[in-house]
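Here is the file run-v1.pdb (PDB, C-alpha atoms and all ligand atoms).
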ATOM      1  CA  MET E  13     -59.314 -67.067  14.886
ATOM      2  CA  LYS E  14     -63.014 -66.535  15.522
ATOM      3  CA  SER E  15     -61.940 -63.922  18.061
ATOM      4  CA  ASP E  16     -60.400 -61.916  15.167
ATOM      5  CA  MET E  17     -63.876 -61.523  13.630
ATOM      6  CA  GLU E  18     -66.098 -58.531  14.123
ATOM      7  CA  LYS E  19     -68.982 -60.486  12.649
ATOM      8  CA  ILE E  20     -69.832 -63.521  10.582
ATOM      9  CA  LEU E  21     -71.560 -62.533   7.333
ATOM     10  CA  ILE E  22     -72.256 -65.970   5.886
ATOM     11  CA  SER E  23     -72.227 -69.116   8.023
ATOM     12  CA  GLU E  24     -70.711 -72.460   7.070
ATOM     13  CA  GLU E  25     -74.230 -73.928   6.768
ATOM     14  CA  GLU E  26     -75.403 -71.161   4.436
ATOM     15  CA  ILE E  27     -72.320 -71.583   2.250
ATOM     16  CA  GLN E  28     -72.705 -75.349   2.013
ATOM     17  CA  LYS E  29     -76.416 -75.073   1.152
ATOM     18  CA  LYS E  30     -75.659 -72.558  -1.590
ATOM     19  CA  VAL E  31     -72.824 -74.667  -2.998
ATOM     20  CA  GLN E  32     -75.177 -77.659  -3.264
ATOM     21  CA  GLU E  33     -77.759 -75.501  -5.090
ATOM     22  CA  LEU E  34     -75.153 -74.166  -7.505
ATOM     23  CA  GLY E  35     -73.824 -77.684  -8.053
ATOM     24  CA  GLU E  36     -77.288 -78.874  -9.114
ATOM     25  CA  ILE E  37     -77.873 -75.919 -11.443
ATOM     26  CA  LEU E  38     -74.438 -76.285 -13.046
ATOM     27  CA  SER E  39     -74.796 -80.049 -13.424
ATOM     28  CA  GLU E  40     -77.981 -79.460 -15.404
ATOM     29  CA  GLU E  41     -76.346 -76.717 -17.473
ATOM     30  CA  TYR E  42     -73.188 -78.675 -18.285
ATOM     31  CA  LYS E  43     -74.290 -82.290 -18.546
ATOM     32  CA  ASP E  44     -73.034 -83.833 -21.813
ATOM     33  CA  LYS E  45     -70.672 -80.844 -22.301
ATOM     34  CA  ASN E  46     -67.625 -82.207 -20.478
ATOM     35  CA  PRO E  47     -66.894 -78.716 -19.060
ATOM     36  CA  LEU E  48     -63.464 -77.521 -17.995
ATOM     37  CA  LEU E  49     -63.720 -75.831 -14.616
ATOM     38  CA  VAL E  50     -60.906 -73.337 -14.156
ATOM     39  CA  GLY E  51     -60.136 -72.278 -10.610
ATOM     40  CA  VAL E  52     -58.316 -68.986 -10.100
ATOM     41  CA  LEU E  53     -55.683 -69.457  -7.406
ATOM     42  CA  LYS E  54     -55.541 -69.151  -4.569
ATOM     43  CA  GLY E  55     -58.896 -67.851  -3.370
ATOM     44  CA  ALA E  56     -61.068 -70.205  -5.398
ATOM     45  CA  LEU E  57     -59.661 -73.360  -3.821
ATOM     46  CA  PRO E  58     -62.243 -74.129  -1.074
ATOM     47  CA  PHE E  59     -65.218 -73.202  -3.283
ATOM     48  CA  MET E  60     -63.851 -75.199  -6.211
ATOM     49  CA  ALA E  61     -63.263 -78.256  -4.018
ATOM     50  CA  ASP E  62     -66.800 -78.206  -2.603
ATOM     51  CA  LEU E  63     -68.491 -77.262  -5.898
ATOM     52  CA  ILE E  64     -67.047 -80.112  -7.961
ATOM     53  CA  LYS E  65     -68.154 -82.584  -5.289
ATOM     54  CA  ALA E  66     -71.684 -81.202  -5.665
ATOM     55  CA  MET E  67     -71.658 -81.852  -9.437
ATOM     56  CA  GLU E  68     -72.605 -85.319 -10.582
ATOM     57  CA  ILE E  69     -71.489 -85.099 -14.208
ATOM     58  CA  TYR E  70     -68.313 -85.707 -16.198
ATOM     59  CA  LEU E  71     -66.060 -82.672 -15.895
ATOM     60  CA  GLU E  72     -62.402 -81.699 -15.854
ATOM     61  CA  ILE E  73     -60.547 -79.215 -13.679
ATOM     62  CA  ASP E  74     -57.534 -76.991 -14.136
ATOM     63  CA  PHE E  75     -56.078 -73.933 -12.417
ATOM     64  CA  MET E  76     -54.636 -70.549 -13.256
ATOM     65  CA  ASP E  77     -52.705 -68.137 -11.104
ATOM     66  CA  VAL E  78     -52.796 -64.463 -12.019
ATOM     67  CA  SER E  79     -51.873 -61.168 -10.473
ATOM     68  CA  SER E  80     -52.936 -57.631 -11.267
ATOM     69  CA  TYR E  81     -50.452 -55.525 -13.172
ATOM     70  CA  GLY E  82     -49.326 -52.294 -11.521
ATOM     71  CA  ASN E  83     -51.489 -50.453  -9.054
ATOM     72  CA  GLU E  84     -55.187 -50.140  -8.398
ATOM     73  CA  THR E  85     -55.549 -46.987 -10.465
ATOM     74  CA  THR E  86     -54.644 -48.563 -13.810
ATOM     75  CA  SER E  87     -57.769 -48.943 -15.869
ATOM     76  CA  SER E  88     -56.171 -51.207 -18.463
ATOM     77  CA  GLY E  89     -57.352 -54.217 -16.499
ATOM     78  CA  GLU E  90     -54.332 -56.133 -17.643
ATOM     79  CA  VAL E  91     -53.397 -59.107 -15.536
ATOM     80  CA  LYS E  92     -50.173 -61.027 -15.400
ATOM     81  CA  ILE E  93     -50.426 -64.782 -15.931
ATOM     82  CA  LEU E  94     -48.312 -66.496 -13.260
ATOM     83  CA  LYS E  95     -49.530 -69.994 -14.084
ATOM     84  CA  ASP E  96     -51.419 -70.826 -17.260
ATOM     85  CA  LEU E  97     -53.567 -73.863 -18.001
ATOM     86  CA  ASP E  98     -52.170 -77.254 -18.897
ATOM     87  CA  THR E  99     -55.231 -77.847 -21.102
ATOM     88  CA  ASN E 100     -56.033 -76.675 -24.649
ATOM     89  CA  VAL E 101     -59.376 -74.834 -24.417
ATOM     90  CA  GLU E 102     -60.255 -74.675 -28.121
ATOM     91  CA  GLY E 103     -63.822 -75.934 -28.494
ATOM     92  CA  ARG E 104     -64.191 -76.479 -24.729
ATOM     93  CA  HIS E 105     -66.927 -75.194 -22.457
ATOM     94  CA  VAL E 106     -64.984 -73.252 -19.841
ATOM     95  CA  LEU E 107     -66.419 -72.345 -16.452
ATOM     96  CA  PHE E 108     -64.314 -69.998 -14.352
ATOM     97  CA  VAL E 109     -64.650 -70.571 -10.620
ATOM     98  CA  GLU E 110     -63.951 -67.604  -8.342
ATOM     99  CA  ASP E 111     -64.313 -66.799  -4.673
ATOM    100  CA  ILE E 112     -65.141 -63.129  -5.265
ATOM    101  CA  ILE E 113     -65.618 -60.638  -8.098
ATOM    102  CA  ASP E 114     -64.663 -57.147  -6.977
ATOM    103  CA  THR E 115     -63.504 -54.708  -9.706
ATOM    104  CA  GLY E 116     -64.170 -57.425 -12.285
ATOM    105  CA  ARG E 117     -60.804 -56.821 -13.945
ATOM    106  CA  THR E 118     -59.348 -60.295 -13.407
ATOM    107  CA  LEU E 119     -62.265 -62.133 -14.958
ATOM    108  CA  ALA E 120     -62.949 -59.595 -17.705
ATOM    109  CA  TYR E 121     -59.383 -60.117 -18.874
ATOM    110  CA  LEU E 122     -59.474 -63.903 -18.616
ATOM    111  CA  LYS E 123     -62.836 -64.089 -20.373
ATOM    112  CA  ASP E 124     -61.510 -62.149 -23.370
ATOM    113  CA  MET E 125     -58.354 -64.222 -23.439
ATOM    114  CA  PHE E 126     -60.317 -67.470 -23.540
ATOM    115  CA  LYS E 127     -62.608 -66.252 -26.309
ATOM    116  CA  TYR E 128     -59.458 -65.457 -28.266
ATOM    117  CA  ARG E 129     -58.286 -68.994 -27.569
ATOM    118  CA  LYS E 130     -61.534 -70.171 -29.186
ATOM    119  CA  ALA E 131     -63.280 -71.750 -26.211
ATOM    120  CA  ALA E 132     -66.804 -72.885 -27.161
ATOM    121  CA  SER E 133     -68.220 -70.949 -24.206
ATOM    122  CA  VAL E 134     -66.774 -68.981 -21.298
ATOM    123  CA  LYS E 135     -68.885 -68.501 -18.192
ATOM    124  CA  ILE E 136     -68.280 -67.521 -14.592
ATOM    125  CA  VAL E 137     -69.487 -68.812 -11.256
ATOM    126  CA  THR E 138     -68.491 -66.892  -8.142
ATOM    127  CA  LEU E 139     -69.345 -67.543  -4.544
ATOM    128  CA  LEU E 140     -69.334 -63.835  -3.700
ATOM    129  CA  ASP E 141     -70.044 -60.716  -5.696
ATOM    130  CA  LYS E 142     -69.190 -57.209  -4.513
ATOM    131  CA  PRO E 143     -71.097 -55.056  -7.028
ATOM    132  CA  SER E 144     -70.052 -51.828  -5.290
ATOM    133  CA  GLY E 145     -66.431 -52.523  -6.295
ATOM    134  CA  ARG E 146     -67.037 -52.962 -10.011
ATOM    135  CA  ALA E 147     -64.708 -50.973 -12.307
ATOM    136  CA  VAL E 148     -65.416 -52.740 -15.601
ATOM    137  CA  ASP E 149     -68.656 -53.920 -17.137
ATOM    138  CA  MET E 150     -68.777 -57.690 -16.806
ATOM    139  CA  THR E 151     -71.431 -60.393 -16.871
ATOM    140  CA  VAL E 152     -71.254 -62.871 -14.020
ATOM    141  CA  ASP E 153     -73.332 -65.926 -14.854
ATOM    142  CA  TRP E 154     -73.881 -67.471 -11.410
ATOM    143  CA  ILE E 155     -73.488 -65.736  -8.042
ATOM    144  CA  GLY E 156     -73.744 -67.330  -4.608
ATOM    145  CA  PHE E 157     -74.101 -64.235  -2.438
ATOM    146  CA  GLU E 158     -73.803 -60.484  -2.801
ATOM    147  CA  VAL E 159     -71.604 -58.902  -0.144
ATOM    148  CA  PRO E 160     -71.541 -55.268   1.024
ATOM    149  CA  HIS E 161     -68.593 -52.923   0.585
ATOM    150  CA  GLU E 162     -66.583 -54.421   3.436
ATOM    151  CA  PHE E 163     -63.327 -56.335   3.629
ATOM    152  CA  VAL E 164     -64.384 -59.959   3.904
ATOM    153  CA  VAL E 165     -62.242 -62.998   4.701
ATOM    154  CA  GLY E 166     -62.658 -66.760   4.947
ATOM    155  CA  TYR E 167     -63.494 -69.707   2.681
ATOM    156  CA  GLY E 168     -60.597 -68.840   0.372
ATOM    157  CA  LEU E 169     -60.489 -65.081   0.938
ATOM    158  CA  ASP E 170     -57.389 -63.848   2.728
ATOM    159  CA  PHE E 171     -55.988 -60.944   4.650
ATOM    160  CA  ALA E 172     -52.182 -61.051   4.232
ATOM    161  CA  GLU E 173     -52.567 -64.729   3.229
ATOM    162  CA  ARG E 174     -54.362 -65.670   6.451
ATOM    163  CA  TYR E 175     -57.964 -66.808   7.075
ATOM    164  CA  ARG E 176     -58.404 -68.723   3.802
ATOM    165  CA  ASN E 177     -59.122 -71.855   5.828
ATOM    166  CA  LEU E 178     -62.152 -70.486   7.696
ATOM    167  CA  PRO E 179     -65.318 -72.406   6.744
ATOM    168  CA  TYR E 180     -67.397 -69.191   6.907
ATOM    169  CA  ILE E 181     -67.210 -65.620   5.530
ATOM    170  CA  GLY E 182     -66.581 -62.886   8.077
ATOM    171  CA  VAL E 183     -65.463 -59.315   8.617
ATOM    172  CA  LEU E 184     -62.280 -58.725  10.622
ATOM    173  CA  LYS E 185     -62.090 -56.477  13.660
ATOM    174  CA  PRO E 186     -60.461 -53.159  12.627
ATOM    175  CA  GLU E 187     -57.575 -53.666  15.087
ATOM    176  CA  ILE E 188     -56.509 -56.789  13.161
ATOM    177  CA  TYR E 189     -55.803 -54.976   9.900
ATOM    178  CA  GLN E 190     -54.770 -51.572  11.232
TER     179      GLN E 190
HETATM  180  C1  LIG E 201     -58.814 -61.836  -5.437
HETATM  181  C2  LIG E 201     -59.997 -62.750  -5.649
HETATM  182  C3  LIG E 201     -60.219 -62.689  -7.137
HETATM  183  C4  LIG E 201     -59.813 -61.276  -7.491
HETATM  184  C5  LIG E 201     -61.024 -60.427  -7.629
HETATM  185  O1  LIG E 201     -57.643 -62.564  -5.692
HETATM  186  O2  LIG E 201     -59.714 -64.069  -5.241
HETATM  187  O3  LIG E 201     -59.405 -63.601  -7.806
HETATM  188  O4  LIG E 201     -59.000 -60.787  -6.394
HETATM  189  O5  LIG E 201     -60.678 -59.084  -7.815
HETATM  190  P1  LIG E 201     -61.088 -58.218  -9.082
HETATM  191  O6  LIG E 201     -62.539 -58.536  -9.427
HETATM  192  O7  LIG E 201     -60.944 -56.832  -8.568
HETATM  193  O8  LIG E 201     -60.155 -58.536 -10.197
HETATM  194  P2  LIG E 201     -56.197 -62.042  -5.297
HETATM  195  O9  LIG E 201     -55.608 -61.325  -6.473
HETATM  196  O10 LIG E 201     -56.255 -61.306  -4.001
HETATM  197  O11 LIG E 201     -55.375 -63.379  -5.123
HETATM  198  P3  LIG E 201     -55.695 -64.624  -4.163
HETATM  199  O12 LIG E 201     -56.907 -65.306  -4.725
HETATM  200  O13 LIG E 201     -54.473 -65.472  -4.248
HETATM  201  O14 LIG E 201     -55.937 -64.062  -2.789
HETATM  202 MN    MN E 202     -58.181 -64.774  -6.339
HETATM  203 MG    MG E 203     -56.024 -62.005  -2.060
END
Since I need it in another form, could you write the structure as structure tokens?
Amino acid sequence: MKSDMEKILISEEEIQKKVQELGEILSEEYKDKNPLLVGVLKGALPFMADLIKAMEIYLEIDFMDVSSYGNETTSSGEVKILKDLDTNVEGRHVLFVEDIIDTGRTLAYLKDMFKYRKAASVKIVTLLDKPSGRAVDMTVDWIGFEVPHEFVVGYGLDFAERYRNLPYIGVLKPEIYQ
């Protein structure tokens, strides 16, 4: 699989160091708040798994699965909920965990939805941020790394469902996706 990569953008060591740092910051932020960490399937899985192990506080986890409605050109930002939470979020401190924020539509929608559901707070931690892709104005509270306008895979991020299991973030060779 490494032979499918044009380059490695972020190494396994760099990711793990960053996850530890974020875990410490978030532990401080959320101690005594019993936060509910919500992973957005499927991409968030590796980051979520490593992040919660780096947090030494009481916390709970849950997952959502969503998909974008219609095509890329819709500006409504509406997302379809494929799997909702099993937890009532009223009064809870919710922390969304994402692998990447691109247009921002997924999280902008979920954030609004959770405010409507009366969560006490709704914040976002993402391993990667692609600011060049942003289509809606959205505050991201904690970001691991900024990535350039390239198609990145690994550590949860897929191309046609593959490469999620790579421990690093890389860019595919053009012949792989053409
Ligand atoms: C990707 C990624 C984020 C979302 C970000 O998920 O994991 O969840 O897109 O894009 P946005 O900021 O433009 O909304 P995807 O829908 O590909 O599903 P997956 O996680 O199952 O791969
Ligand atoms: Mn995703
Ligand atoms: Mg995907």
Of the listed residues E:Lys185, E:Lys14, E:Arg146, E:Lys54, that which approaches Val109 (chain E) most closely, counting all atoms listed in the file: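 Ranked by minimum distance to Val109 (chain E), first place goes to E:Lys54.
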Which residues are near ligand MG 203 (chain E) in this structure, taking near to mean any atom at most 10 Å from a ligand atom and counting only C-alpha atoms and all ligand atoms? Format them as a list in words.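 The neighbouring residues of ligand MG 203 (chain E) are, in order, Leu53, Lys54, Gly55, Ser79, Asp111, Ile112, Val165, Gly168, Leu169, Asp170, Phe171, Ala172, Glu173, Arg174 and Arg176 of chain E.
CA of Ile73 (chain E) to CA of Val137 (chain E) spans 13.9 Å [interatomic distance, one decimal].
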Looking at E:Leu139, E:Ile22, E:Met17, E:Val78, which one is nearest to ligand MN 202 (chain E), with distances taken over only C-alpha atoms and all ligand atoms?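 Among the listed residues, the smallest separation from ligand MN 202 (chain E) belongs to E:Val78.
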Selected by the PyMOL selection byres (((chain E and resi 90-97) around 8) and not hetatm) in the shown coordinates: which residues, as a list in words?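 Applying the expression gives Asp74, Phe75, Met76, Asp77, Val78, Ser79, Ser80, Tyr81, Ser88, Gly89, Asp98, Thr99, Asn100, Arg117, Thr118 and Tyr121 of chain E.
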Please provide as JSON, numbers by chain all residues within 12 Å of Lys43 (chain E), with the sequence filter that same-chain residues fewer than 6 positions apart are discarded (counting only C-alpha atoms). {"E": [35, 36, 37, 67, 68, 69, 70, 71, 105]}
I'd like the box whose edges run along x, y and z of the file and which contains every listed atom of ligand LIG 201 (chain E), padded by 4 Å per side; could you state its centre and edge lengths in Å, one decimal, as JSON?
{"center_x": -58.5, "center_y": -61.2, "center_z": -6.5, "size_x": 16.1, "size_y": 16.6, "size_z": 15.4}
Taking the file as shown, what set of residues would the PyMOL selection byres (((chain E and resi 151) around 9) and not hetatm) give back, as a ChimeraX atom specification? /E:120,135-136,149-150,152-153
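Distances from E:Thr138, E:Ser133, E:Asn46, E:Ser15 to Leu34 (chain E) were compared using only C-alpha atoms, and the smallest one belongs to E:Thr138.
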Rounded to one decimal place, report the CA of Ile20 (chain E)-CA of Val183 (chain E) distance in Å.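 Going from CA of Ile20 (chain E) over to CA of Val183 (chain E) covers 6.4 Å.
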Once the PyMOL selection byres (((chain E and resi 129) around 12) and not hetatm) is applied to the coordinates I shared, what remains selected? I want it as number ranges by chain. E: 97, 99-106, 122-128, 130-134
CA of Ile188 (chain E) to CA of Asp16 (chain E), straight-line distance in Å: 6.7 Å
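With distances restricted to all atoms listed in the file, E:Leu57 is the closest residue to ligand MN 202 (chain E) from E:Leu57, E:Ile64, E:Ala147, E:Leu107.
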Give me the residues near region 157-160 of chain E as a ChimeraX atom specification, where near means some atom within 7 Å (using only C-alpha atoms) and where sequence neighbours in that chain fewer than 6 positions away do not count. /E:139-142
Taking into account all atoms listed in the file, which residue in the set E:Lys19, E:Tyr42, E:Gln28, E:Gly116 is nearest to Pro186 (chain E)?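 Looking at the shortest contact to Pro186 (chain E), the residue is E:Lys19.
Restricting the calculation to all atoms listed in the file, the smallest distance between ligand MN 202 (chain E) and any of E:Trp154, E:Tyr180, E:Met60, E:Pro143 is found for E:Met60.
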